[in-house]
Structure formats: C-alpha cells, structure tokens
$ cat data18.cif   # mmCIF, C-alpha atoms and all ligand atoms
data_my_file
#
loop_
_atom_site.label_atom_id
_atom_site.label_comp_id
_atom_site.auth_asym_id
_atom_site.auth_seq_id
_atom_site.Cartn_x
_atom_site.Cartn_y
_atom_site.Cartn_z
CA MET O 1 -18.25 73.88 -20.18
CA ALA O 2 -17.00 70.45 -19.07
CA ASP O 3 -19.21 67.70 -20.44
CA LEU O 4 -18.73 64.33 -18.75
CA SER O 5 -21.25 62.52 -20.94
CA THR O 6 -20.03 60.06 -23.51
CA LEU O 7 -21.23 57.68 -26.18
CA PHE O 8 -20.07 54.06 -25.94
CA THR O 9 -21.37 51.25 -28.18
CA GLY O 10 -24.15 53.63 -29.19
CA ILE O 11 -25.30 54.18 -25.59
CA ARG O 12 -25.30 57.64 -24.02
CA PHE O 13 -23.63 57.67 -20.57
CA GLU O 14 -23.99 60.59 -18.14
CA ASN O 15 -20.35 59.93 -17.27
CA PRO O 16 -17.87 57.23 -18.36
CA PHE O 17 -17.57 55.65 -14.88
CA LEU O 18 -19.23 52.28 -14.20
CA LEU O 19 -19.40 49.90 -11.31
CA ALA O 20 -17.82 46.65 -12.51
CA SER O 21 -19.45 43.25 -12.12
CA ALA O 22 -18.69 42.46 -8.46
CA PRO O 23 -20.32 42.67 -4.99
CA PRO O 24 -21.20 46.40 -5.36
CA ALA O 25 -23.54 45.34 -8.20
CA GLU O 26 -24.97 42.19 -6.63
CA SER O 27 -28.43 43.47 -5.62
CA GLU O 28 -31.22 45.84 -6.58
CA SER O 29 -30.67 48.00 -3.50
CA ASN O 30 -26.93 48.35 -4.19
CA ILE O 31 -27.53 49.32 -7.83
CA LEU O 32 -30.16 51.90 -6.92
CA ARG O 33 -27.78 53.39 -4.34
CA ALA O 34 -25.02 53.42 -6.97
CA TYR O 35 -27.13 55.46 -9.40
CA GLU O 36 -28.11 57.82 -6.61
CA ALA O 37 -24.40 58.29 -5.82
CA GLY O 38 -23.78 59.26 -9.47
CA TRP O 39 -22.32 56.23 -11.27
CA GLY O 40 -22.91 56.57 -15.03
CA GLY O 41 -23.60 52.86 -15.33
CA VAL O 42 -23.55 49.56 -13.50
CA VAL O 43 -22.54 46.10 -14.74
CA THR O 44 -24.45 43.55 -12.65
CA LYS O 45 -22.76 40.75 -10.79
CA THR O 46 -22.56 37.91 -13.33
CA ILE O 47 -25.82 35.99 -13.80
CA GLY O 48 -25.79 32.33 -14.84
CA LEU O 49 -28.02 29.25 -15.11
CA HIS O 50 -25.73 26.64 -13.54
CA PRO O 51 -25.70 25.88 -9.76
CA VAL O 52 -23.45 28.19 -7.73
CA MET O 53 -22.09 27.25 -4.31
CA ASN O 54 -19.42 29.47 -2.76
CA VAL O 55 -16.68 28.31 -0.38
CA ARG O 56 -17.03 28.44 3.40
CA GLY O 57 -15.80 31.63 5.05
CA PRO O 58 -14.67 34.90 3.51
CA LYS O 59 -14.88 35.20 -0.29
CA THR O 60 -12.78 38.37 -0.53
CA LYS O 61 -9.84 39.70 1.49
CA PHE O 62 -7.71 42.81 1.14
CA LEU O 63 -3.91 42.75 1.07
CA ARG O 64 -2.35 45.71 2.84
CA ALA O 65 1.26 46.95 3.30
CA ASP O 66 2.66 48.59 6.41
CA HIS O 67 3.71 52.14 5.58
CA ASP O 68 7.41 51.27 5.95
CA GLY O 69 6.89 48.38 3.50
CA SER O 70 8.04 45.79 6.05
CA ARG O 71 4.91 43.66 6.08
CA LEU O 72 2.36 42.58 3.48
CA SER O 73 -0.65 40.89 4.99
CA MET O 74 -4.40 40.51 4.81
CA ALA O 75 -4.64 41.05 8.58
CA LYS O 76 -6.77 44.13 9.25
CA ARG O 77 -4.59 46.69 11.06
CA PRO O 78 -3.96 50.46 11.23
CA ASP O 79 -1.32 52.47 9.36
CA THR O 80 -1.42 50.42 6.20
CA THR O 81 -1.93 51.04 2.50
CA LEU O 82 -4.19 48.94 0.31
CA MET O 83 -2.24 46.86 -2.23
CA ALA O 84 -4.88 44.54 -3.66
CA SER O 85 -8.09 42.61 -3.24
CA TRP O 86 -7.97 38.84 -3.45
CA ASN O 87 -11.17 36.88 -4.07
CA TRP O 88 -12.42 33.43 -4.88
CA GLU O 89 -16.05 34.41 -5.12
CA LEU O 90 -18.10 32.72 -7.82
CA ILE O 91 -20.72 34.48 -9.94
CA SER O 92 -24.08 35.56 -8.46
CA ASP O 93 -25.66 32.82 -6.39
CA LYS O 94 -29.10 34.31 -7.20
CA PRO O 95 -30.95 32.60 -10.08
CA LEU O 96 -32.10 34.30 -13.27
CA ASP O 97 -35.71 34.37 -11.99
CA TRP O 98 -34.53 36.41 -9.00
CA TRP O 99 -32.70 38.88 -11.25
CA VAL O 100 -35.28 39.52 -13.99
CA PRO O 101 -37.93 41.43 -11.97
CA ARG O 102 -35.17 43.37 -10.24
CA LEU O 103 -33.56 44.42 -13.53
CA GLU O 104 -37.00 45.61 -14.67
CA ALA O 105 -37.52 47.59 -11.46
CA ILE O 106 -34.05 49.18 -11.66
CA LYS O 107 -34.63 50.32 -15.28
CA LYS O 108 -38.05 51.67 -14.36
CA ALA O 109 -36.61 53.70 -11.48
CA TRP O 110 -33.61 55.02 -13.44
CA PRO O 111 -34.44 54.84 -17.18
CA ASN O 112 -31.58 57.15 -18.16
CA ARG O 113 -28.79 55.41 -16.28
CA VAL O 114 -27.03 52.56 -18.04
CA LEU O 115 -27.65 49.02 -16.84
CA VAL O 116 -25.45 46.27 -18.23
CA ALA O 117 -26.18 42.62 -17.41
CA SER O 118 -23.14 40.40 -17.01
CA ILE O 119 -23.97 36.82 -17.99
CA MET O 120 -22.18 33.48 -18.14
CA ALA O 121 -22.94 30.03 -19.52
CA GLY O 122 -20.84 27.10 -20.70
CA SER O 123 -19.51 26.72 -24.21
CA GLY O 124 -18.89 23.02 -24.63
CA THR O 125 -22.21 21.89 -26.11
CA ASP O 126 -25.13 23.19 -28.15
CA LYS O 127 -27.22 23.11 -24.98
CA GLU O 128 -24.74 25.41 -23.24
CA LEU O 129 -24.60 27.75 -26.22
CA HIS O 130 -28.38 27.85 -26.06
CA ASN O 131 -28.08 28.80 -22.37
CA TRP O 132 -26.19 31.94 -23.44
CA GLN O 133 -29.21 32.76 -25.61
CA ILE O 134 -31.73 32.10 -22.81
CA LEU O 135 -29.80 34.47 -20.56
CA THR O 136 -29.46 37.09 -23.30
CA GLN O 137 -33.16 37.08 -24.13
CA ALA O 138 -34.23 37.20 -20.49
CA VAL O 139 -32.07 40.17 -19.52
CA GLN O 140 -32.76 42.18 -22.66
CA ASP O 141 -36.50 41.59 -22.28
CA ALA O 142 -36.08 42.96 -18.75
CA GLY O 143 -34.79 46.17 -20.34
CA VAL O 144 -31.01 46.21 -19.88
CA ASP O 145 -29.06 48.54 -22.15
CA ALA O 146 -26.21 46.13 -22.93
CA ILE O 147 -24.86 42.70 -22.05
CA GLU O 148 -21.35 41.80 -20.90
CA LEU O 149 -20.24 38.20 -21.49
CA ASN O 150 -18.06 36.85 -18.72
CA PHE O 151 -15.17 35.00 -20.42
CA SER O 152 -12.89 35.84 -17.53
CA CYS O 153 -13.88 34.47 -14.11
CA PRO O 154 -10.55 32.99 -12.94
CA HIS O 155 -11.91 30.34 -10.54
CA MET O 156 -13.96 27.89 -12.59
CA ASP O 157 -13.77 24.12 -12.29
CA ARG O 158 -15.64 23.70 -15.57
CA VAL O 159 -13.34 23.71 -18.58
CA ASP O 160 -16.00 25.38 -20.74
CA MET O 161 -16.70 28.39 -18.52
CA GLY O 162 -15.24 31.71 -17.37
CA SER O 163 -11.58 32.32 -18.11
CA ASN O 164 -11.39 28.88 -19.73
CA VAL O 165 -13.53 30.37 -22.53
CA GLY O 166 -11.38 33.49 -22.61
CA LYS O 167 -8.25 31.34 -23.09
CA ASP O 168 -9.66 29.66 -26.20
CA PRO O 169 -10.11 31.84 -29.30
CA VAL O 170 -12.55 29.36 -30.88
CA LEU O 171 -14.81 29.30 -27.81
CA CYS O 172 -14.58 33.11 -27.63
CA SER O 173 -15.82 33.39 -31.17
CA VAL O 174 -18.52 30.69 -30.99
CA SER O 175 -20.02 31.92 -27.70
CA THR O 176 -20.09 35.52 -28.90
CA GLN O 177 -21.77 34.44 -32.13
CA ALA O 178 -24.43 32.52 -30.19
CA VAL O 179 -25.27 35.63 -28.19
CA LYS O 180 -25.16 37.97 -31.18
CA ALA O 181 -27.64 35.73 -33.02
CA VAL O 182 -30.37 36.79 -30.56
CA ALA O 183 -29.09 40.07 -29.05
CA ARG O 184 -30.93 43.31 -29.75
CA VAL O 185 -28.62 45.35 -27.47
CA PRO O 186 -24.84 45.89 -27.67
CA VAL O 187 -22.72 42.94 -26.56
CA TRP O 188 -19.55 43.62 -24.56
CA VAL O 189 -17.14 40.79 -23.78
CA LYS O 190 -14.95 40.72 -20.66
CA LEU O 191 -11.76 38.81 -21.51
CA THR O 192 -9.33 37.20 -19.11
CA PRO O 193 -5.90 38.84 -18.80
CA ALA O 194 -4.40 35.38 -18.12
CA THR O 195 -3.27 34.58 -21.66
CA ALA O 196 -0.04 35.09 -23.58
CA ASP O 197 -1.46 37.50 -26.16
CA ILE O 198 -4.89 38.95 -25.44
CA VAL O 199 -5.04 40.31 -28.99
CA GLU O 200 -5.59 36.74 -30.25
CA GLU O 201 -8.70 36.19 -28.10
CA ALA O 202 -9.89 39.74 -28.81
CA THR O 203 -9.56 39.17 -32.57
CA ALA O 204 -11.68 36.02 -32.32
CA THR O 205 -14.22 37.80 -30.11
CA PHE O 206 -14.61 40.71 -32.51
CA LEU O 207 -14.93 38.19 -35.39
CA GLY O 208 -17.78 36.65 -33.39
CA GLY O 209 -19.49 40.04 -33.51
CA ALA O 210 -18.67 41.68 -30.15
CA ASP O 211 -19.39 45.40 -29.91
CA ALA O 212 -16.81 46.04 -27.17
CA ILE O 213 -14.17 44.36 -25.04
CA SER O 214 -13.74 44.95 -21.31
CA SER O 215 -10.39 44.22 -19.63
CA SER O 216 -9.16 43.25 -17.08
CA ASN O 217 -10.83 40.80 -14.78
CA THR O 218 -8.71 39.80 -11.78
CA PHE O 219 -5.30 38.17 -12.31
CA PRO O 220 -4.73 34.58 -11.02
CA ALA O 221 -3.17 34.79 -7.58
CA LEU O 222 -2.69 33.08 -4.20
CA PRO O 223 -2.89 34.57 -0.70
CA LEU O 224 0.39 34.75 1.28
CA PHE O 225 1.35 32.30 4.02
CA ASP O 226 0.93 33.45 7.60
CA PRO O 227 4.43 33.01 9.10
CA ALA O 228 2.94 32.16 12.54
CA THR O 229 0.60 29.36 11.45
CA LEU O 230 2.27 28.35 8.17
CA ASP O 231 -1.21 28.39 6.63
CA PHE O 232 -2.41 30.55 3.79
CA GLU O 233 -3.96 33.75 5.12
CA VAL O 234 -7.17 32.61 3.45
CA ASN O 235 -7.91 28.90 3.50
CA VAL O 236 -10.61 26.35 4.19
CA ASP O 237 -9.35 23.39 6.23
CA GLY O 238 -5.82 24.47 5.29
CA TYR O 239 -6.47 24.47 1.55
CA VAL O 240 -6.72 27.24 -0.99
CA SER O 241 -7.20 27.38 -4.74
CA SER O 242 -6.18 30.04 -7.20
CA GLY O 243 -8.19 33.24 -6.78
CA GLY O 244 -8.16 36.63 -8.46
CA LEU O 245 -6.11 39.73 -7.65
CA GLY O 246 -7.69 43.18 -8.11
CA GLY O 247 -7.06 46.73 -6.89
CA PRO O 248 -3.95 48.98 -7.09
CA ALA O 249 -1.49 46.09 -7.61
CA ILE O 250 -2.99 45.19 -11.00
CA LEU O 251 -3.21 48.69 -12.47
CA PRO O 252 0.12 48.54 -14.37
CA GLN O 253 -0.59 45.00 -15.59
CA SER O 254 -4.10 45.89 -16.73
CA LEU O 255 -2.74 48.94 -18.53
CA ALA O 256 -0.26 46.72 -20.37
CA LYS O 257 -3.10 44.47 -21.54
CA MET O 258 -5.18 47.48 -22.52
CA ALA O 259 -2.28 49.05 -24.43
CA GLN O 260 -2.10 45.89 -26.54
CA LEU O 261 -5.83 46.05 -27.20
CA THR O 262 -6.06 49.74 -28.02
CA GLN O 263 -3.11 49.51 -30.41
CA ALA O 264 -4.48 46.44 -32.17
CA PHE O 265 -8.02 47.84 -32.33
CA PRO O 266 -7.77 51.64 -32.40
CA ASP O 267 -11.27 51.99 -33.88
CA ARG O 268 -13.02 49.59 -31.51
CA GLU O 269 -14.82 50.23 -28.23
CA LEU O 270 -12.82 49.22 -25.13
CA SER O 271 -13.73 49.45 -21.44
CA GLY O 272 -10.80 49.65 -18.99
CA ILE O 273 -10.87 47.87 -15.62
CA GLY O 274 -8.28 47.29 -12.93
CA GLY O 275 -6.91 49.31 -10.02
CA ILE O 276 -9.01 52.45 -10.49
CA SER O 277 -9.87 54.47 -7.39
CA GLY O 278 -9.53 58.03 -8.68
CA PHE O 279 -9.47 60.04 -11.89
CA ASP O 280 -5.69 59.86 -12.40
CA GLN O 281 -5.91 56.09 -12.85
CA ALA O 282 -8.98 56.35 -15.09
CA LEU O 283 -7.09 58.91 -17.17
CA SER O 284 -4.37 56.35 -17.95
CA TYR O 285 -7.01 54.10 -19.53
CA PHE O 286 -8.59 57.05 -21.41
CA LEU O 287 -5.21 58.20 -22.79
CA LEU O 288 -4.66 54.68 -24.15
CA GLY O 289 -8.05 54.87 -25.90
CA CYS O 290 -10.74 53.46 -23.57
CA GLY O 291 -14.23 54.88 -23.89
CA THR O 292 -15.45 53.86 -20.41
CA VAL O 293 -13.84 52.52 -17.23
CA GLN O 294 -15.12 50.22 -14.49
CA VAL O 295 -14.38 49.96 -10.76
CA ALA O 296 -14.72 47.06 -8.29
CA THR O 297 -12.23 46.92 -5.38
CA ALA O 298 -12.22 50.64 -4.53
CA ALA O 299 -16.03 50.71 -4.51
CA MET O 300 -16.23 47.67 -2.22
CA LEU O 301 -14.11 49.48 0.35
CA ASP O 302 -16.14 52.71 0.15
CA HIS O 303 -19.55 52.05 1.73
CA ALA O 304 -19.98 48.97 -0.52
CA ILE O 305 -20.92 50.95 -3.64
CA GLY O 306 -18.32 53.75 -3.79
CA PRO O 307 -20.12 57.07 -3.22
CA ASN O 308 -16.83 58.85 -2.50
CA VAL O 309 -15.08 57.10 -5.39
CA ILE O 310 -17.63 58.24 -7.97
CA ALA O 311 -17.62 61.76 -6.50
CA ALA O 312 -13.81 61.86 -6.85
CA LEU O 313 -13.95 60.48 -10.40
CA THR O 314 -16.46 63.06 -11.66
CA ARG O 315 -14.79 65.91 -9.78
CA GLY O 316 -11.39 64.81 -11.11
CA MET O 317 -12.62 64.72 -14.70
CA THR O 318 -14.34 68.10 -14.38
CA GLU O 319 -11.17 69.68 -12.96
CA PHE O 320 -9.04 68.00 -15.65
CA LEU O 321 -11.22 69.44 -18.42
CA GLU O 322 -11.16 72.87 -16.77
CA ARG O 323 -7.33 72.74 -16.51
CA ASN O 324 -7.17 71.94 -20.22
CA ALA O 325 -9.79 74.43 -21.37
CA ASP O 326 -7.10 76.39 -23.25
CA ARG O 327 -6.66 73.31 -25.48
CA ASP O 328 -10.41 73.48 -26.20
CA TRP O 329 -10.98 70.14 -24.49
CA THR O 330 -14.61 69.86 -23.42
CA SER O 331 -15.23 66.11 -23.29
CA LEU O 332 -13.58 62.68 -23.21
CA ALA O 333 -13.53 62.58 -27.02
CA ASP O 334 -10.94 65.39 -26.98
CA PHE O 335 -8.25 63.39 -25.15
CA ARG O 336 -9.28 59.77 -25.61
CA GLY O 337 -6.45 57.76 -27.19
CA LEU O 338 -4.07 60.74 -27.15
CA ARG O 339 -1.14 58.60 -25.90
CA ARG O 340 -2.03 55.31 -27.62
CA GLY O 341 1.08 55.51 -29.81
CA ARG O 342 3.52 55.96 -26.93
CA VAL O 343 4.05 52.22 -26.35
CA VAL O 344 6.75 51.14 -28.79
CA PRO O 345 9.26 48.28 -29.25
CA HIS O 346 12.24 48.48 -26.88
CA SER O 347 14.54 49.20 -29.81
CA GLN O 348 12.68 52.45 -30.41
CA ILE O 349 13.45 53.80 -26.94
CA GLY O 350 16.30 56.35 -26.90
CA ARG O 351 19.88 55.26 -25.98
CA PRO O 352 22.82 57.38 -24.90
CA ASP O 353 23.97 56.93 -28.50
CA ASP O 354 21.24 55.56 -30.78
CA SER O 355 23.65 54.46 -33.48
CA ASP O 356 25.15 51.82 -31.15
CA TYR O 357 21.98 49.79 -30.58
CA HIS O 358 20.22 47.59 -33.15
CA GLY O 359 17.55 45.74 -31.24
CA GLY O 360 20.02 43.40 -29.55
CA TYR O 361 21.49 42.20 -32.84
CA GLU O 362 25.05 42.70 -34.06
CA ASP O 363 25.63 45.91 -35.96
CA GLU O 364 24.62 45.52 -39.59
CA ALA O 365 23.77 41.83 -39.27
CA GLU O 366 23.15 40.32 -42.69
CA GLY O 367 19.46 40.34 -43.54
CA TYR O 368 18.51 42.52 -40.58
CA ALA O 369 16.97 45.92 -41.11
CA VAL O 370 18.38 48.36 -38.60
CA GLU O 371 15.53 49.88 -36.56
CA VAL O 372 14.77 53.52 -37.19
CA THR O 373 14.14 55.42 -33.97
CA ALA O 374 10.85 57.27 -34.10
CA ARG O 375 11.04 60.63 -32.32
C1 LIG N 1 -15.18 40.03 -4.88
C2 LIG N 1 -15.14 40.17 -6.36
C3 LIG N 1 -16.10 39.55 -7.14
C4 LIG N 1 -16.08 39.67 -8.53
N1 LIG N 1 -17.06 39.06 -9.28
C5 LIG N 1 -17.06 39.23 -10.63
C6 LIG N 1 -18.12 38.69 -11.42
O1 LIG N 1 -19.08 38.08 -10.91
N2 LIG N 1 -18.08 38.87 -12.76
C7 LIG N 1 -17.05 39.57 -13.37
O2 LIG N 1 -17.06 39.72 -14.59
N3 LIG N 1 -16.04 40.10 -12.63
C8 LIG N 1 -16.04 39.95 -11.29
N4 LIG N 1 -15.04 40.53 -10.54
C9 LIG N 1 -13.93 41.25 -11.23
C10 LIG N 1 -14.16 42.77 -11.23
O3 LIG N 1 -15.30 43.11 -11.97
C11 LIG N 1 -12.94 43.51 -11.83
O4 LIG N 1 -12.77 43.08 -13.16
C12 LIG N 1 -11.64 43.27 -11.07
O5 LIG N 1 -11.87 43.23 -9.67
C13 LIG N 1 -10.59 44.34 -11.37
O6 LIG N 1 -11.07 45.61 -11.02
P1 LIG N 1 -10.62 46.36 -9.64
O7 LIG N 1 -9.14 46.46 -9.68
O8 LIG N 1 -11.34 47.69 -9.67
O9 LIG N 1 -11.09 45.49 -8.52
C14 LIG N 1 -15.06 40.43 -9.15
C15 LIG N 1 -14.10 41.08 -8.36
C16 LIG N 1 -14.14 40.96 -6.99
C17 LIG N 1 -13.10 41.69 -6.16
#
$ encode --input "data18.cif" --output "structure tokens" --more "lines below"
Ligand SMILES: Cc1cc2nc3c(=O)[nH]c(=O)nc-3n(C[C@H](O)[C@H](O)[C@H](O)COP(=O)(O)O)c2cc1C
Amino acid sequence: MADLSTLFTGIRFENPFLLASAPPAESESNILRAYEAGWGGVVTKTIGLHPVMNVRGPKTKFLRADHDGSRLSMAKRPDTTLMASWNWELISDKPLDWWVPRLEAIKKAWPNRVLVASIMAGSGTDKELHNWQILTQAVQDAGVDAIELNFSCPHMDRVDMGSNVGKDPVLCSVSTQAVKAVARVPVWVKLTPATADIVEEATATFLGGADAISSSNTFPALPLFDPATLDFEVNVDGYVSSGGLGGPAILPQSLAKMAQLTQAFPDRELSGIGGISGFDQALSYFLLGCGTVQVATAAMLDHAIGPNVIAALTRGMTEFLERNADRDWTSLADFRGLRRGRVVPHSQIGRPDDSDYHGGYEDEAEGYAVEVTAR
C-alpha cells in the first residue's frame, strides 16, 4: 500500500507537499482552503515586527513564452507557456497581533495538519535579535508546529534583513542561535540561493542549531523591457528594483543548490523549493535527498491555493509508488536520496577515451594525481 506520510524534523506529515511562504499562505481563509484541498502542510507568509509598505501597482507578474518561442513577455495572452513568476512583494503587511489569533484558529480547526510560521526580524543589534525571540515565542504559543526563519527575501533595503542575513554566515549563525535559545518547536531556515557557495551559509546555520534548511527562495531578477514603450514591463514611474524569479525557470538552478546541500549534509533535513508544479519535479528534489517540498508559483496560478496542484502531487506520488511496488517501495523513505551521489566533478564524467583526459591538466603533470573515473 502506498503511504504518502512522512516524518520531517520529528513532525508527522500526511504527505510531503507544503504550500511555501507566499500569497497562497497569506490569510486564515487561504490556509484553511489549502488544508481542505489536501496540502500536507503550509508555511505562512513571512511575519515580521517592522513596518511593511509595498510598492504601488502589481507585486507579482508572470513571464510567459509564445509556443514558438518567439516572444517572452509578461503580457497576458493566449497560446503561451509559463516560464516564471517575478515578484517584488515584501513580507506580510499584517502585524503579529493580526496573525496570532488566526494561527490559533487554524490549528484548532486542523490539529493534524502541519502549520509552519515563517518569521523575519533584523540581525544587526541585540534589540533585533530579541525581535526574533518575540516572534518565535508568539507563534509557538499560538500552536504552530515549526518555525521557518526567512534569511532569503531578495528585496530588502535593510542590510540586516532577508537575503542580506542569508549572505552572511555570521548573521546566519547568530540569528539562528537567538531563535533556538527560546524555541520549543523545530526551527527551519530558508536560505537565499544568491551566494557563491550555499554550503558555507548552511554550515553556519546548522552550527547555530537549525533543524532543517529550506531552499530556494526566488533568484534576483529584473523584468524585461517592453520594446514598444522602452520601459520595464513592471515599473513604478519608470523605475524598477531587483525582484525575485520563481516558477519553472528556476527549477534547474534550485536543484543545483539543493544538490550541493544534500551532498554536504546527507544526514540533515532539507526542504526543496523552486519550480514545482507536479510530482515529476518534486521527485527530482526527493531523489537528491529532500524530505519535503514546497510550492508557491504553481499554487498562485491554480485558484490561489493550488487545489489541482496538490491533487496532481499526491496522485503522482501514489502512482509512482505503485509503479515501483516490485522494488518494495512503499513510502518516500524508500527512494529519498537515491540519486544524491550522481552529481560528480566534471573530470569524473565519461569521455570517448577516458585515458586522454585529466581534469584539464597536462597528462601526468608533476604533483597532480590523475582522477580516477568512478563508474
Ligand atoms: C509573490 C511571492 C511572494 C513571496 N513571499 C515570500 C515570503 O513572504 N517569504 C518567503 O520566505 N518566501 C516568499 N516567496 C518565495 C516562495 O516561497 C518560493 O521560495 C519561491 O517562489 C520559489 O518557489 P516557486 O518556484 O514554487 O515559486 C514569495 C514568492 C512569491 C512568488
């Protein structure tokens, strides 16, 4: 019998599919609808204590390609394929006091579904580190099952917030420690993909005591110019600032980040995010070693909370387990991490004649150990 349930950071999930922190998880009504639709868990839109004021006009747009590939544009039109979401939306503009009673009500209505509160504070001062603790205590007292620290929002002016924390291993460690000092529930940390080597920030974050790492948030990106107006397709008074790219376009990039993480931390808990709309994409994260996956863009475009997406994910996983019943696979644990070892240095990839290639170095260079090809 296929069993979709899974254990992640000590929490039992009905299935490993979560709504990511984004508009689908921005309200009580959305989250209740998401559970009804079958999502195993929901990560709330990020909750903070600092003032939040979004830009004028649209906060998210969707980049689509004509089927013949001739045009990429955010203009809404028929016969196109979704490439990506682009957003410059800040964290929740609702204050903590608005969230707390709603988190309580959600947990009361659905005690067995997993509710994760995404939170964000600054990291530059003791007062800001204390703000992390205020947020942690408030959401855990409201009954959430876990907390996800947002070290990854790509559009922050403050140098001590969002992805600016995720780019600084010391801030990653210190902020995680501050939360862990008061947390009674598992602490996940969502790191930015916008660094040279995510393993460095992940190492610091785990040293700070994190129970899991989630990756990826959106990748820094700009909208395209409209050739008719010579303005960005999204702008306010002609101006734009760097936003975040999500959806299908980031799937390969997110997988590359996740491959680094799962190889560096094969025994740690990792939650995969980026470009998932069906089970095949989720499977890529599971084969690398992820224990849960999260979805934002695809859910936004499917009745705001993704009822068809979660139906496809659970159906896809059930069918996958049934197809592999002869291997005695009955749950995620049976295939999780199965292909983790398949990402290797370039020199270990087969050549027409392996003996001719030595990692780009001259044959038998002095002091250089010739690579052995693993097969
Ligand atoms: C409009 C929008 C708002 C988002 N807001 C948040 C947020 O408040 N906190 C957060 O951690 N991630 C936020 N994200 C990032 C998503 O949770 C997710 O990491 C990213 O979109 C990649 O997943 P996807 O390819 O399924 O969209 C947001 C994404 C979008 C599109």
$ residues_near_ligand --input "data18.cif" --ligand "ligand LIG 1 (chain N)" --cutoff "8 Å" --atoms "all atoms listed in the file" --output "short mmCIF file (atom, residue, chain, number, x, y, z; two decimals) with C-alpha atoms, in the coordinates of the input"
data_model
loop_
_atom_site.label_atom_id
_atom_site.label_comp_id
_atom_site.auth_asym_id
_atom_site.auth_seq_id
_atom_site.Cartn_x
_atom_site.Cartn_y
_atom_site.Cartn_z
CA LEU O 19 -19.40 49.90 -11.31
CA ALA O 20 -17.82 46.65 -12.51
CA SER O 21 -19.45 43.25 -12.12
CA ALA O 22 -18.69 42.46 -8.46
CA PRO O 23 -20.32 42.67 -4.99
CA THR O 44 -24.45 43.55 -12.65
CA LYS O 45 -22.76 40.75 -10.79
CA THR O 46 -22.56 37.91 -13.33
CA ILE O 47 -25.82 35.99 -13.80
CA LYS O 59 -14.88 35.20 -0.29
CA THR O 60 -12.78 38.37 -0.53
CA ALA O 84 -4.88 44.54 -3.66
CA SER O 85 -8.09 42.61 -3.24
CA TRP O 86 -7.97 38.84 -3.45
CA ASN O 87 -11.17 36.88 -4.07
CA TRP O 88 -12.42 33.43 -4.88
CA GLU O 89 -16.05 34.41 -5.12
CA LEU O 90 -18.10 32.72 -7.82
CA ILE O 91 -20.72 34.48 -9.94
CA SER O 92 -24.08 35.56 -8.46
CA SER O 118 -23.14 40.40 -17.01
CA GLU O 148 -21.35 41.80 -20.90
CA LEU O 149 -20.24 38.20 -21.49
CA ASN O 150 -18.06 36.85 -18.72
CA PHE O 151 -15.17 35.00 -20.42
CA SER O 152 -12.89 35.84 -17.53
CA CYS O 153 -13.88 34.47 -14.11
CA LYS O 190 -14.95 40.72 -20.66
CA SER O 215 -10.39 44.22 -19.63
CA SER O 216 -9.16 43.25 -17.08
CA ASN O 217 -10.83 40.80 -14.78
CA THR O 218 -8.71 39.80 -11.78
CA GLY O 244 -8.16 36.63 -8.46
CA LEU O 245 -6.11 39.73 -7.65
CA GLY O 246 -7.69 43.18 -8.11
CA GLY O 247 -7.06 46.73 -6.89
CA PRO O 248 -3.95 48.98 -7.09
CA ALA O 249 -1.49 46.09 -7.61
CA ILE O 250 -2.99 45.19 -11.00
CA LEU O 251 -3.21 48.69 -12.47
CA ILE O 273 -10.87 47.87 -15.62
CA GLY O 274 -8.28 47.29 -12.93
CA GLY O 275 -6.91 49.31 -10.02
CA ILE O 276 -9.01 52.45 -10.49
CA SER O 277 -9.87 54.47 -7.39
CA GLN O 294 -15.12 50.22 -14.49
CA VAL O 295 -14.38 49.96 -10.76
CA ALA O 296 -14.72 47.06 -8.29
CA THR O 297 -12.23 46.92 -5.38
CA ALA O 298 -12.22 50.64 -4.53
CA ALA O 299 -16.03 50.71 -4.51
CA MET O 300 -16.23 47.67 -2.22
#
$ closest_residue --input "data18.cif" --among "O:Val165, O:Ala194, O:Cys290, O:Leu301" --to "Ala333 (chain O)" --atoms "only C-alpha atoms"
O:Cys290
$ atom_distance --input "data18.cif" --atom1 "CA of Thr6 (chain O)" --atom2 "CA of Val43 (chain O)"
16.7 Å
$ residues_around --input "data18.cif" --residues "Val116 (chain O)" --least-positions-apart "5" --cutoff "6 Å" --atoms "all atoms listed in the file" --output "number ranges by chain"
O: 43, 144-147
$ atom_distance --input "data18.cif" --atom1 "CA of Leu49 (chain O)" --atom2 "CA of Phe219 (chain O)"
24.6 Å
$ residues_around --input "data18.cif" --residues "Asp141 (chain O)" --least-positions-apart "2" --cutoff "12 Å" --atoms "only C-alpha atoms" --output "list in words"
Trp99, Val100, Pro101, Leu103, Glu104, Lys107, Ala117, Gln133, Ile134, Leu135, Thr136, Gln137, Ala138, Val139, Gly143, Val144, Asp145, Ala146, Ile147, Val182, Ala183, Arg184 and Val185 of chain O
$ residues_around --input "data18.cif" --residues "Pro16 (chain O)" --least-positions-apart "3" --cutoff "8 Å" --atoms "only C-alpha atoms" --output "list in words"
Leu4, Ser5, Thr6, Phe13, Gly40, Gly41, Gly291, Thr292 and Val293 of chain O
